[in-house]
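> You'll find data-v6.txt just under this line, and it carries compact mmCIF, C-alpha atoms.
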# COMPACT_ATOMS: atom_id res chain seq x y z
CA MET A 297 -3.51 -24.46 20.75
CA CYS A 298 -0.99 -26.52 18.79
CA PRO A 299 -0.43 -25.13 15.30
CA GLU A 300 -0.37 -27.24 12.18
CA HIS A 301 2.65 -26.79 9.96
CA SER A 302 0.94 -24.26 7.70
CA GLU A 303 -0.84 -22.26 10.42
CA LYS A 304 0.33 -19.09 12.12
CA ILE A 305 3.02 -19.90 14.67
CA GLU A 306 3.02 -17.81 17.81
CA PHE A 307 6.67 -18.53 18.56
CA ILE A 308 7.48 -16.68 15.34
CA GLN A 309 5.82 -13.60 16.85
CA ILE A 310 7.93 -13.94 20.00
CA SER A 311 11.03 -14.20 17.83
CA ARG A 312 10.08 -11.11 15.83
CA ALA A 313 9.47 -9.15 19.03
CA PHE A 314 12.86 -10.23 20.40
CA SER A 315 14.62 -9.31 17.17
CA ALA A 316 13.08 -5.86 16.89
CA PHE A 317 13.64 -5.07 20.56
CA SER A 318 17.26 -6.27 20.36
CA VAL A 319 17.99 -3.93 17.46
CA MET A 320 16.33 -1.04 19.28
CA VAL A 321 18.42 -1.64 22.42
CA TYR A 322 21.55 -1.89 20.29
CA HIS A 323 20.87 1.52 18.78
CA ILE A 324 20.21 2.95 22.23
CA PHE A 325 23.71 1.73 23.14
CA PHE A 326 25.10 3.25 19.92
CA PHE A 327 23.64 6.65 20.79
CA SER A 328 24.67 6.28 24.44
CA VAL A 329 28.28 5.96 23.35
CA SER A 330 27.97 9.16 21.30
CA TYR A 331 26.06 11.26 23.82
CA TYR A 332 26.98 9.85 27.24
CA SER A 333 30.44 8.34 26.78
CA ASN A 334 31.04 5.93 29.70
CA ILE A 335 28.20 7.11 31.92
CA TYR A 336 25.93 4.15 31.19
CA PRO A 337 26.40 1.04 33.39
CA TYR A 338 28.58 -1.86 32.32
CA TRP A 339 25.73 -4.38 32.41
CA PHE A 340 23.86 -2.31 29.84
CA GLU A 341 26.86 -2.30 27.51
CA SER A 342 27.30 -6.06 27.92
CA VAL A 343 23.66 -6.75 27.02
CA SER A 344 22.90 -4.08 24.43
CA SER A 345 26.15 -4.10 22.45
CA VAL A 346 25.22 -7.50 20.96
CA GLY A 347 21.69 -6.42 20.05
CA TYR A 348 22.66 -6.26 16.39
CA ILE A 349 22.09 -10.03 16.25
CA GLY A 350 18.39 -9.24 16.05
CA VAL A 351 18.95 -8.63 12.33
CA ASP A 352 20.47 -12.10 11.94
CA PHE A 353 17.46 -13.65 13.64
CA PHE A 354 15.18 -11.57 11.38
CA PHE A 355 16.82 -13.02 8.27
CA VAL A 356 16.52 -16.63 9.46
CA ILE A 357 12.88 -16.01 10.40
CA SER A 358 12.22 -14.44 7.02
CA GLY A 359 13.56 -17.43 5.11
CA PHE A 360 11.48 -19.76 7.28
CA VAL A 361 8.25 -17.77 7.08
CA ILE A 362 8.37 -17.15 3.32
CA LEU A 363 8.88 -20.81 2.38
CA ASN A 364 6.48 -22.13 5.03
CA ALA A 365 3.75 -19.73 3.91
CA HIS A 366 4.12 -20.67 0.24
CA TYR A 367 5.22 -24.29 0.61
CA ASP A 368 2.02 -25.68 -0.94
CA ASP A 369 1.59 -22.99 -3.60
CA LYS A 370 1.40 -24.20 -7.16
CA SER A 371 3.96 -23.13 -9.72
CA GLY A 372 2.79 -20.59 -12.26
CA VAL A 373 2.30 -16.95 -13.06
CA SER A 374 -0.74 -16.53 -10.78
CA SER A 375 1.20 -17.68 -7.70
CA LEU A 376 4.16 -15.52 -8.68
CA VAL A 377 1.96 -12.43 -9.08
CA SER A 378 0.14 -13.14 -5.81
CA PHE A 379 3.41 -13.51 -3.91
CA SER A 380 4.79 -10.28 -5.41
CA PHE A 381 1.71 -8.30 -4.43
CA LYS A 382 1.74 -9.69 -0.89
CA ARG A 383 5.41 -8.84 -0.34
CA ILE A 384 5.09 -5.36 -1.81
CA ILE A 385 2.07 -4.64 0.37
CA ARG A 386 3.79 -5.99 3.47
CA ILE A 387 7.03 -4.03 3.04
CA TYR A 388 6.36 -0.71 1.33
CA PRO A 389 3.20 0.92 2.80
CA PRO A 390 4.44 0.83 6.44
CA TYR A 391 7.97 1.80 5.38
CA LEU A 392 7.45 4.64 2.91
CA PRO A 393 5.92 7.32 5.21
CA ILE A 394 8.85 7.07 7.63
CA ALA A 395 11.50 6.83 4.90
CA ALA A 396 9.98 9.74 2.96
CA THR A 397 9.93 11.92 6.09
CA ALA A 398 13.58 11.14 6.79
CA PHE A 399 14.47 11.75 3.14
CA PHE A 400 12.80 15.18 3.20
CA ILE A 401 14.50 16.15 6.48
CA TYR A 402 17.94 15.18 5.19
CA TYR A 403 17.24 16.90 1.87
CA VAL A 404 16.49 20.15 3.70
CA ASN A 405 19.34 19.80 6.19
CA PRO A 406 21.92 17.04 5.47
CA ASN A 407 23.86 17.93 8.63
CA ILE A 408 21.01 17.42 11.08
CA GLY A 409 22.31 14.03 12.27
CA ASN A 410 25.55 12.90 13.82
CA TYR A 411 27.25 12.94 10.42
CA PRO A 412 26.45 14.52 7.02
CA LYS A 413 23.86 12.70 4.88
CA ASP A 414 24.10 14.59 1.62
CA ASN A 415 24.55 11.41 -0.45
CA ILE A 416 21.20 9.79 0.33
CA GLY A 417 19.87 7.84 -2.68
CA ALA A 418 16.31 8.31 -3.89
CA LEU A 419 16.16 4.94 -5.63
CA SER A 420 17.53 3.03 -2.67
CA THR A 421 15.26 4.93 -0.29
CA PHE A 422 11.95 4.67 -2.12
CA LEU A 423 12.36 1.45 -4.13
CA LEU A 424 14.67 -0.49 -1.79
CA ILE A 425 16.88 -1.62 -4.64
CA PRO A 426 20.65 -2.10 -4.42
CA SER A 427 22.39 1.22 -5.04
CA LEU A 428 25.70 2.96 -4.52
CA TYR A 429 23.92 5.42 -2.24
CA PRO A 430 22.51 4.72 1.24
CA THR A 431 18.86 4.96 2.26
CA SER A 432 17.45 7.82 4.31
CA LEU A 433 16.36 5.34 7.00
CA ILE A 434 19.52 3.61 8.12
CA VAL A 435 17.90 0.30 9.08
CA ALA A 436 16.47 -0.03 5.56
CA TRP A 437 19.70 -1.67 4.38
CA THR A 438 18.23 -4.89 5.76
CA LEU A 439 15.07 -4.39 3.71
CA ILE A 440 17.19 -4.20 0.56
CA HIS A 441 18.57 -7.63 1.45
CA GLU A 442 14.97 -8.78 1.96
CA MET A 443 14.02 -7.56 -1.51
CA VAL A 444 16.99 -9.38 -3.01
CA PHE A 445 15.83 -12.55 -1.26
CA TYR A 446 12.27 -12.07 -2.51
CA LEU A 447 13.58 -11.60 -6.05
CA ILE A 448 15.43 -14.90 -5.84
CA PHE A 449 12.44 -16.61 -4.22
CA LEU A 450 10.34 -15.82 -7.30
CA THR A 451 12.04 -18.81 -8.95
CA TYR A 452 10.06 -21.01 -6.51
CA PHE A 453 6.98 -20.36 -8.62
CA ILE A 454 8.73 -21.31 -11.84
CA SER A 455 9.96 -24.74 -10.82
CA ARG A 456 10.87 -26.36 -7.51
CA ARG A 457 13.98 -27.94 -9.00
CA PHE A 458 14.99 -24.67 -10.59
CA PHE A 459 14.47 -22.91 -7.23
CA ILE A 460 16.71 -25.42 -5.44
CA ALA A 461 19.35 -24.99 -8.14
CA VAL A 462 19.20 -21.19 -7.89
CA ILE A 463 19.44 -21.19 -4.09
CA GLY A 464 22.32 -23.66 -4.26
CA ALA A 465 24.14 -21.56 -6.84
CA TRP A 466 23.53 -18.40 -4.75
CA VAL A 467 25.04 -20.05 -1.67
CA VAL A 468 28.05 -21.34 -3.65
CA VAL A 469 28.71 -17.93 -5.23
CA ILE A 470 28.46 -16.20 -1.85
CA ALA A 471 30.88 -18.70 -0.31
CA ALA A 472 33.28 -18.50 -3.26
CA ASN A 473 33.26 -14.71 -3.17
CA ALA A 474 33.96 -14.73 0.56
CA VAL A 475 36.91 -17.07 0.12
CA PHE A 476 38.45 -16.12 -3.23
CA SER A 477 37.36 -12.61 -4.24
CA PRO A 478 35.96 -10.66 -1.31
CA GLY A 479 36.73 -7.42 -3.16
CA LEU A 480 33.42 -7.73 -5.02
CA THR A 481 31.49 -6.93 -1.85
CA GLY A 482 33.29 -3.60 -1.63
CA ASN A 483 30.69 -2.37 -4.10
CA LEU A 484 27.32 -1.74 -2.40
CA ILE A 485 25.37 -3.22 -5.30
CA PHE A 486 27.34 -6.48 -5.33
CA TYR A 487 27.33 -6.52 -1.54
CA ARG A 488 23.54 -6.78 -1.33
CA PHE A 489 23.67 -9.94 -3.45
CA LEU A 490 26.89 -11.55 -2.24
CA ALA A 491 27.19 -10.64 1.45
CA THR A 492 27.55 -13.71 3.65
CA ILE A 493 24.69 -12.47 5.83
CA ASN A 494 22.39 -13.62 3.00
CA LEU A 495 23.24 -17.19 3.96
CA GLU A 496 20.90 -16.71 6.90
CA PHE A 497 17.93 -16.69 4.51
CA ALA A 498 19.10 -20.08 3.22
CA PHE A 499 19.22 -21.43 6.77
CA GLY A 500 15.65 -20.23 7.23
CA LEU A 501 14.62 -22.11 4.09
CA ILE A 502 16.22 -25.28 5.46
CA CYS A 503 14.34 -24.80 8.74
CA ALA A 504 11.06 -24.54 6.84
CA CYS A 505 11.78 -27.79 4.98
CA VAL A 506 12.57 -29.56 8.27
CA TRP A 507 9.44 -28.10 9.88
CA ARG A 508 7.24 -29.31 7.02
CA ARG A 509 8.75 -32.79 6.74
CA LEU A 510 9.56 -33.84 10.31
CA ASN A 511 7.74 -34.05 13.63
CA VAL A 512 9.57 -34.27 16.93
CA GLY A 513 8.57 -34.67 20.54
CA PRO A 514 8.90 -32.12 23.35
CA ALA A 515 12.23 -33.57 24.56
CA VAL A 516 13.88 -33.14 21.16
CA ALA A 517 12.28 -29.72 20.74
CA ALA A 518 13.62 -28.58 24.12
CA SER A 519 17.05 -29.95 23.21
CA LEU A 520 17.05 -27.97 19.97
CA LEU A 521 16.10 -24.79 21.80
CA LEU A 522 18.66 -25.30 24.56
CA GLY A 523 21.35 -26.20 22.04
CA GLY A 524 20.60 -23.03 20.12
CA VAL A 525 20.87 -20.85 23.24
CA ILE A 526 24.15 -22.48 24.29
CA SER A 527 25.70 -22.25 20.82
CA LEU A 528 24.57 -18.61 20.56
CA ALA A 529 26.34 -17.82 23.83
CA MET A 530 29.47 -19.59 22.57
CA ILE A 531 29.52 -17.65 19.28
CA LEU A 532 28.94 -14.37 21.10
CA SER A 533 32.01 -15.05 23.22
CA TYR A 534 34.15 -14.76 20.07
CA ASP A 535 34.57 -11.92 17.61
CA VAL A 536 32.88 -13.42 14.54
CA GLY A 537 33.89 -10.49 12.31
CA LYS A 538 33.32 -11.46 8.67
CA HIS A 539 31.69 -14.71 9.75
CA ARG A 540 28.53 -13.14 11.12
CA TRP A 541 26.46 -15.70 9.19
CA LEU A 542 27.45 -18.22 11.88
CA PHE A 543 24.62 -16.78 13.98
CA ALA A 544 22.28 -18.58 11.57
CA ILE A 545 23.20 -21.88 13.22
CA PRO A 546 22.01 -21.14 16.78
CA PHE A 547 19.04 -19.12 15.55
CA SER A 548 17.95 -22.01 13.32
CA LEU A 549 18.06 -24.34 16.32
CA ILE A 550 16.18 -21.84 18.49
CA LEU A 551 13.57 -21.27 15.81
CA LEU A 552 12.90 -24.96 15.21
CA GLY A 553 13.01 -25.81 18.91
CA GLY A 554 10.51 -23.09 19.80
CA CYS A 555 8.16 -23.94 16.93
CA TYR A 556 8.16 -27.63 17.81
CA LEU A 557 7.62 -26.89 21.50
CA GLU A 558 4.57 -24.86 20.58
CA LYS A 559 3.34 -27.63 18.29
CA THR A 560 3.54 -30.17 21.12
CA GLY A 561 1.57 -27.84 23.37
CA ALA A 562 4.49 -27.27 25.73
CA LEU A 563 4.73 -23.53 25.08
CA ASN A 564 2.23 -20.83 25.96
CA VAL A 565 2.80 -17.35 24.54
CA PRO A 566 1.70 -14.26 26.55
CA ARG A 567 -0.67 -11.94 24.70
CA LEU A 568 1.63 -8.95 25.24
CA LEU A 569 4.48 -10.66 23.40
CA LEU A 570 2.13 -11.49 20.54
CA LEU A 571 1.18 -7.83 20.31
CA LEU A 572 4.83 -6.81 20.24
CA GLY A 573 5.45 -9.45 17.60
CA ASP A 574 2.62 -8.06 15.49
CA ALA A 575 4.10 -4.57 15.88
CA SER A 576 7.72 -5.70 15.38
CA TYR A 577 8.03 -4.21 11.89
CA ALA A 578 6.74 -0.88 13.21
CA ILE A 579 9.23 -1.06 16.09
CA TYR A 580 12.00 -1.71 13.61
CA LEU A 581 11.03 1.24 11.41
CA ILE A 582 10.23 3.80 14.09
CA HIS A 583 12.83 3.25 16.78
CA LEU A 584 15.89 4.89 15.19
CA PRO A 585 14.27 8.26 14.31
CA LEU A 586 12.70 8.23 17.78
CA ILE A 587 16.04 7.54 19.46
CA SER A 588 17.62 10.39 17.51
CA VAL A 589 14.93 12.78 18.73
CA MET A 590 14.83 11.59 22.34
CA PHE A 591 18.61 11.70 22.84
CA ARG A 592 18.41 15.39 21.97
CA ALA A 593 15.09 16.29 23.60
CA VAL A 594 15.49 14.71 27.05
CA PRO A 595 18.90 16.31 27.80
CA ALA A 596 17.59 19.67 26.57
CA ILE A 597 14.56 19.44 28.87
CA ASN A 598 16.72 18.27 31.77
CA ARG A 599 19.06 21.24 31.42
CA HIS A 600 16.16 23.67 31.69
CA THR A 601 14.18 21.94 34.44
CA ALA A 602 15.25 19.45 37.08
CA GLY A 603 18.94 19.31 36.33
CA PHE A 604 19.44 15.60 37.12
CA ASN A 605 22.97 14.25 37.10
CA PRO A 606 24.26 12.70 33.84
CA THR A 607 23.73 9.10 34.96
CA THR A 608 20.10 9.74 35.88
CA GLU A 609 19.63 11.71 32.69
CA TRP A 610 20.92 8.78 30.63
CA ALA A 611 18.59 6.37 32.46
CA MET A 612 15.66 8.70 31.84
CA THR A 613 16.55 9.02 28.16
CA ALA A 614 16.95 5.28 27.60
CA SER A 615 13.74 4.52 29.46
CA ALA A 616 11.85 7.19 27.54
CA VAL A 617 13.03 5.72 24.26
CA ILE A 618 11.92 2.19 25.18
CA ILE A 619 8.52 3.23 26.55
CA THR A 620 7.63 5.73 23.84
CA GLY A 621 9.14 3.48 21.16
CA ILE A 622 6.90 0.56 22.09
CA LEU A 623 3.79 2.71 22.53
CA ALA A 624 4.35 4.61 19.28
CA SER A 625 5.03 1.40 17.38
CA VAL A 626 1.89 -0.33 18.67
CA MET A 627 -0.17 2.74 17.73
CA TYR A 628 1.46 2.90 14.28
CA HIS A 629 0.73 -0.78 13.78
CA LYS A 630 -2.89 -0.62 14.92
CA LEU A 631 -3.86 2.75 13.45
CA TYR A 632 -1.96 2.67 10.15
CA GLU A 633 0.07 -0.44 9.32
CA ARG A 634 -2.61 -3.08 9.86
CA PRO A 635 -5.51 -1.08 8.32
CA ILE A 636 -3.57 -0.10 5.19
CA ILE A 637 -2.31 -3.64 4.66
CA HIS A 638 -5.80 -5.10 5.05
CA PHE A 639 -7.21 -2.48 2.68
CA LEU A 640 -4.58 -3.14 0.02
CA HIS A 641 -4.96 -6.90 0.41
CA ARG A 642 -8.67 -6.59 -0.35
CA LYS A 643 -7.94 -4.46 -3.38
CA THR A 644 -5.24 -6.73 -4.77
CA SER A 645 -7.27 -9.86 -4.02
CA SER A 646 -10.02 -8.42 -6.18
CA PHE A 647 -7.48 -7.62 -8.89
CA SER A 648 -5.89 -11.07 -8.64
CA GLY A 649 -9.28 -12.71 -8.91
CA SER A 650 -10.07 -10.73 -12.04
CA TYR A 651 -6.60 -11.53 -13.40
CA ARG A 652 -7.07 -15.26 -12.84
CA ARG A 653 -10.54 -15.24 -14.39
CA HIS A 654 -9.19 -13.36 -17.39
CA ARG A 655 -6.42 -15.93 -17.88
CA ASN A 656 -8.85 -18.82 -17.42
CA ASP A 657 -11.26 -17.35 -19.94
CA ALA A 658 -8.42 -16.94 -22.38
CA VAL A 659 -7.42 -20.60 -22.04
CA ASP A 660 -10.80 -22.26 -21.66
CA PRO A 661 -14.07 -20.33 -21.21
CA SER A 662 -15.59 -23.20 -19.22
CA LEU A 663 -13.02 -22.85 -16.42
CA SER A 664 -14.43 -19.54 -15.22
CA ILE A 665 -17.87 -21.14 -14.94
CA ASN A 666 -16.61 -24.23 -13.14
CA ALA A 667 -14.75 -22.02 -10.64
CA LYS A 668 -18.09 -20.81 -9.28
CA HIS A 669 -19.15 -24.29 -8.16
Show me this structure written as structure tokens.

Amino acid sequence: MCPEHSEKIEFIQISRAFSAFSVMVYHIFFFSVSYYSNIYPYWFESVSSVGYIGVDFFFVISGFVILNAHYDDKSGVSSLVSFSFKRIIRIYPPYLPIAATAFFIYYVNPNIGNYPKDNIGALSTFLLIPSLYPTSLIVAWTLIHEMVFYLIFLTYFISRRFFIAVIGAWVVVIAANAVFSPGLTGNLIFYRFLATINLEFAFGLICACVWRRLNVGPAVAASLLLGGVISLAMILSYDVGKHRWLFAIPFSLILLGGCYLEKTGALNVPRLLLLLGDASYAIYLIHLPLISVMFRAVPAINRHTAGFNPTTEWAMTASAVIITGILASVMYHKLYERPIIHFLHRKTSSFSGSYRRHRNDAVDPSLSINAKH
């Protein structure tokens, strides 16, 4: 089925699955370096060590999805409130149980991990606001950037021109800080607002505008996708360092190319990948605590049972993380994340409806009557 511009795009789900899985594999590599030194094969290092780019793809996707989903929304307080509720419901309920568990564990024993975590911040952990102190769940630093982006996106519901001006000013300030006064990003609070990685949200916004305004054929779509893959490979061949935002260029091309290919009917998405895309947020939240547990549990079991050699033990550990990580994430998504989000959406929809009726009654009593017809 070919999606319209405003409908759910299955290629987005593929992209989310890829991003979450890439980050998980990267963290498996990170723990492999700590626990298994050079035992893991070279091909695994070559593939997994660049898995961090999943975050960059996430940010481009986020900018695209947010604007595309709200492209036709009217300006005003009602739209702003509705957007805020939707984002809060989407981010916090799945995140908080895992973050709170990690926070409690580190509060009881700050030395339980690979390095002391006695400076975990409660505000950054539970509210996901910029702070001088890190979150209990390491990957949540990206969610703080998301919340900063959502805060800026609120201006979309004030005025479209004002929104464009704010985004433009944000991009200019980020670029100016990177060139002239990079010392500002040494502070964690300023960093969340001024880090160049935030430019990837802006690229996602541009992609959404292109998607909404232009139609292309399968040949152009395939060219965009291929160009994105080639340019991604070229950027990966260099050490981008402070210029990590450059990944936004190939990921923008890949995103647009894939979406247009699906729109032309030239792309069929397997159901399994759609499921992993649906569970991508759960994968992102769960995988790191799971890796931490498995890289301790599997070697401990191996030492007291079969006694496999270190290479086999590493392979067993990495495989166990991937299999249990995917299964646990799908279960978390189906049994908790999706039900709680649907429940809260129903509750807030009821509240929003009452809120809108209350405002309409206050302005013109006849509006609430007309709304029923």
> Out of A:Gly523, A:Leu501, A:Val373, A:Val351, which residue has the shortest atom-to-atom distance to Leu439 (chain A) when counting all atoms listed in the file?
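Looking only at the distances to Leu439 (chain A), the closest residue turns out to be A:Val351.
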> Could you tell me how far CA of Tyr446 (chain A) sits from CA of Ser378 (chain A), in Å to one decimal place?
12.6 Å
> Calculate how many Å separate CA of Ala593 (chain A) from CA of Tyr403 (chain A), rounding to one decimal.
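CA of Tyr403 (chain A) lies at a distance of 21.8 Å from CA of Ala593 (chain A).
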> Would you kindly return, as a PyMOL selection string, each protein, DNA or RNA residue with an atom no farther than 10 Å from any atom of Lys538 (chain A), considering all atoms listed in the file and excluding same-chain residues fewer than 4 positions away?
chain A and resi 474+491-493+542
> At what distance in Å, to one decimal, does CA of Ser625 (chain A) lie from CA of Tyr388 (chain A)?
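Computing the Euclidean distance for CA of Tyr388 (chain A) and CA of Ser625 (chain A) yields 16.2 Å.
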> Which residues, written as a ChimeraX atom specification, have at least one atom at most 8 Å from region 347-350 of chain A, with all atoms listed in the file counted and residues fewer than 4 positions away on the same chain left out?
/A:314-322,343,354,543
> Deliver the residues from the most recent selection as a file, using C-alpha atoms, as a PDB file, in the coordinates of the input.

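Produced file again17.pdb, reproduced below:
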ATOM      1  CA  PHE A 314      12.860 -10.230  20.400  1.00  0.00           C
ATOM      2  CA  SER A 315      14.620  -9.310  17.170  1.00  0.00           C
ATOM      3  CA  ALA A 316      13.080  -5.860  16.890  1.00  0.00           C
ATOM      4  CA  PHE A 317      13.640  -5.070  20.560  1.00  0.00           C
ATOM      5  CA  SER A 318      17.260  -6.270  20.360  1.00  0.00           C
ATOM      6  CA  VAL A 319      17.990  -3.930  17.460  1.00  0.00           C
ATOM      7  CA  MET A 320      16.330  -1.040  19.280  1.00  0.00           C
ATOM      8  CA  VAL A 321      18.420  -1.640  22.420  1.00  0.00           C
ATOM      9  CA  TYR A 322      21.550  -1.890  20.290  1.00  0.00           C
ATOM     10  CA  VAL A 343      23.660  -6.750  27.020  1.00  0.00           C
ATOM     11  CA  PHE A 354      15.180 -11.570  11.380  1.00  0.00           C
ATOM     12  CA  PHE A 543      24.620 -16.780  13.980  1.00  0.00           C
TER      13      PHE A 543
END
> Using all atoms listed in the file, what table do you get, as a tab-separated table, when you list each residue of region 485-584 of chain A with an atom no more than 12 Å from region 459-473 of chain A, its nearest pair of atoms, and their distance in Å rounded to one decimal, rows by chain then rising number?

residue	atom	partner	partner_atom	distance
A:Phe486	CA	A:Asn473	CA	10.4
A:Tyr487	CA	A:Ile470	CA	9.8
A:Arg488	CA	A:Ile470	CA	10.6
A:Phe489	CA	A:Ile470	CA	8.0
A:Leu490	CA	A:Ile470	CA	4.9
A:Ala491	CA	A:Ile470	CA	6.6
A:Thr492	CA	A:Ile470	CA	6.1
A:Ile493	CA	A:Ile470	CA	9.3
A:Asn494	CA	A:Ile470	CA	8.2
A:Leu495	CA	A:Val467	CA	6.6
A:Glu496	CA	A:Val467	CA	10.1
A:Phe497	CA	A:Ile463	CA	9.8
A:Ala498	CA	A:Ile463	CA	7.4
A:Phe499	CA	A:Val467	CA	10.3
A:Gly500	CA	A:Ile463	CA	12.0
A:Leu501	CA	A:Ile463	CA	9.5
A:Ile502	CA	A:Ile463	CA	10.9
A:Cys505	CA	A:Ile460	CA	11.8
A:Lys538	CA	A:Ala471	CA	11.8
A:His539	CA	A:Ala471	CA	10.9
A:Trp541	CA	A:Ala471	CA	10.9
> Sorted by chain and rising residue number, which residues of region 543-602 of chain A lie within 9 Å of region 618-621 of chain A, and what are their closest atom pairs and distances in Å to one decimal, counting all atoms listed in the file, as a Markdown table?

| residue | atom | partner | partner_atom | distance |
| --- | --- | --- | --- | --- |
| A:Ile579 | CA | A:Gly621 | CA | 6.8 |
| A:Ile582 | CA | A:Gly621 | CA | 7.2 |
| A:His583 | CA | A:Gly621 | CA | 5.7 |
| A:Leu586 | CA | A:Gly621 | CA | 6.8 |
| A:Ile587 | CA | A:Gly621 | CA | 8.2 |
> Using all atoms listed in the file, pick whichever of A:Leu520, A:Ile637, A:Ala575, A:Cys503 has the shortest atom-to-atom distance to Gly554 (chain A).
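Result for the nearest residue to Gly554 (chain A): A:Leu520.
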> Excluding Ser375 (chain A) and residues on its chain fewer than 2 positions from it, collect all residues at most 12 Å away from it, counting all atoms listed in the file, and give them as a ChimeraX atom specification.
/A:366-373,377-382,449-455,648-649,651-652
> With a distance cut-off of 12 Å and only C-alpha atoms, select the neighbouring residues of Ser330 (chain A), excluding the residue or stretch itself and same-chain residues fewer than 2 positions from it, and output the selection as a VMD selection string.
chain A and resid 323 to 328 332 to 336 409 to 411 588 591 to 592 610
> Out of A:Leu522, A:Ile550, A:Leu428, A:Ile416, which residue has the shortest atom-to-atom distance to Phe353 (chain A) when counting all atoms listed in the file?
A:Ile550
> Pick from A:Ala504, A:Leu623, A:Val525, A:Leu423: nearest to Ala578 (chain A), with all atoms listed in the file counted?
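With all atoms listed in the file as the atom set, the closest residue is A:Leu623.
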> Using all atoms listed in the file, which of the listed residues (A:Leu521, A:Val506, A:Leu631, A:Ala395) sits closest to Ile434 (chain A)?
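Ranking A:Leu521, A:Val506, A:Leu631, A:Ala395 by distance to Ile434 (chain A), first place goes to A:Ala395.
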> From the set A:Phe340, A:His600, A:Val516, A:Leu376, which residue has the shortest atom-to-atom contact distance to Thr560 (chain A), counting all atoms listed in the file?
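Nearest to Thr560 (chain A): A:Val516.
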> When you write region 472-476 of chain A out from the block above, keep all heavy atoms and present the result as an mmCIF file, in the first residue's frame, please.

data_model
loop_
_atom_site.group_PDB
_atom_site.id
_atom_site.type_symbol
_atom_site.label_atom_id
_atom_site.label_comp_id
_atom_site.auth_asym_id
_atom_site.auth_seq_id
_atom_site.Cartn_x
_atom_site.Cartn_y
_atom_site.Cartn_z
ATOM 1 N N ALA A 472 27.440 29.302 15.046
ATOM 2 C CA ALA A 472 28.334 30.342 15.555
ATOM 3 C C ALA A 472 29.091 29.867 16.785
ATOM 4 O O ALA A 472 30.294 30.142 16.932
ATOM 5 C CB ALA A 472 27.522 31.598 15.889
ATOM 6 N N ASN A 473 28.404 29.151 17.658
ATOM 7 C CA ASN A 473 29.069 28.624 18.851
ATOM 8 C C ASN A 473 30.152 27.625 18.475
ATOM 9 O O ASN A 473 31.233 27.609 19.067
ATOM 10 C CB ASN A 473 28.046 27.967 19.772
ATOM 11 C CG ASN A 473 28.699 27.289 20.966
ATOM 12 O OD1 ASN A 473 29.212 27.931 21.862
ATOM 13 N ND2 ASN A 473 28.697 25.957 20.954
ATOM 14 N N ALA A 474 29.860 26.791 17.483
ATOM 15 C CA ALA A 474 30.833 25.778 17.061
ATOM 16 C C ALA A 474 32.081 26.429 16.476
ATOM 17 O O ALA A 474 33.200 25.927 16.649
ATOM 18 C CB ALA A 474 30.196 24.848 16.032
ATOM 19 N N VAL A 475 31.901 27.558 15.789
ATOM 20 C CA VAL A 475 33.018 28.210 15.117
ATOM 21 C C VAL A 475 33.762 29.178 16.030
ATOM 22 O O VAL A 475 34.998 29.171 16.095
ATOM 23 C CB VAL A 475 32.524 28.956 13.866
ATOM 24 C CG1 VAL A 475 33.673 29.755 13.235
ATOM 25 C CG2 VAL A 475 31.935 27.981 12.855
ATOM 26 N N PHE A 476 33.014 29.999 16.775
ATOM 27 C CA PHE A 476 33.635 31.115 17.493
ATOM 28 C C PHE A 476 33.798 30.905 19.000
ATOM 29 O O PHE A 476 34.753 31.411 19.585
ATOM 30 C CB PHE A 476 32.823 32.391 17.257
ATOM 31 C CG PHE A 476 32.743 32.780 15.816
ATOM 32 C CD1 PHE A 476 31.550 32.679 15.128
ATOM 33 C CD2 PHE A 476 33.864 33.240 15.146
ATOM 34 C CE1 PHE A 476 31.464 33.038 13.791
ATOM 35 C CE2 PHE A 476 33.800 33.599 13.804
ATOM 36 C CZ PHE A 476 32.595 33.492 13.124
#
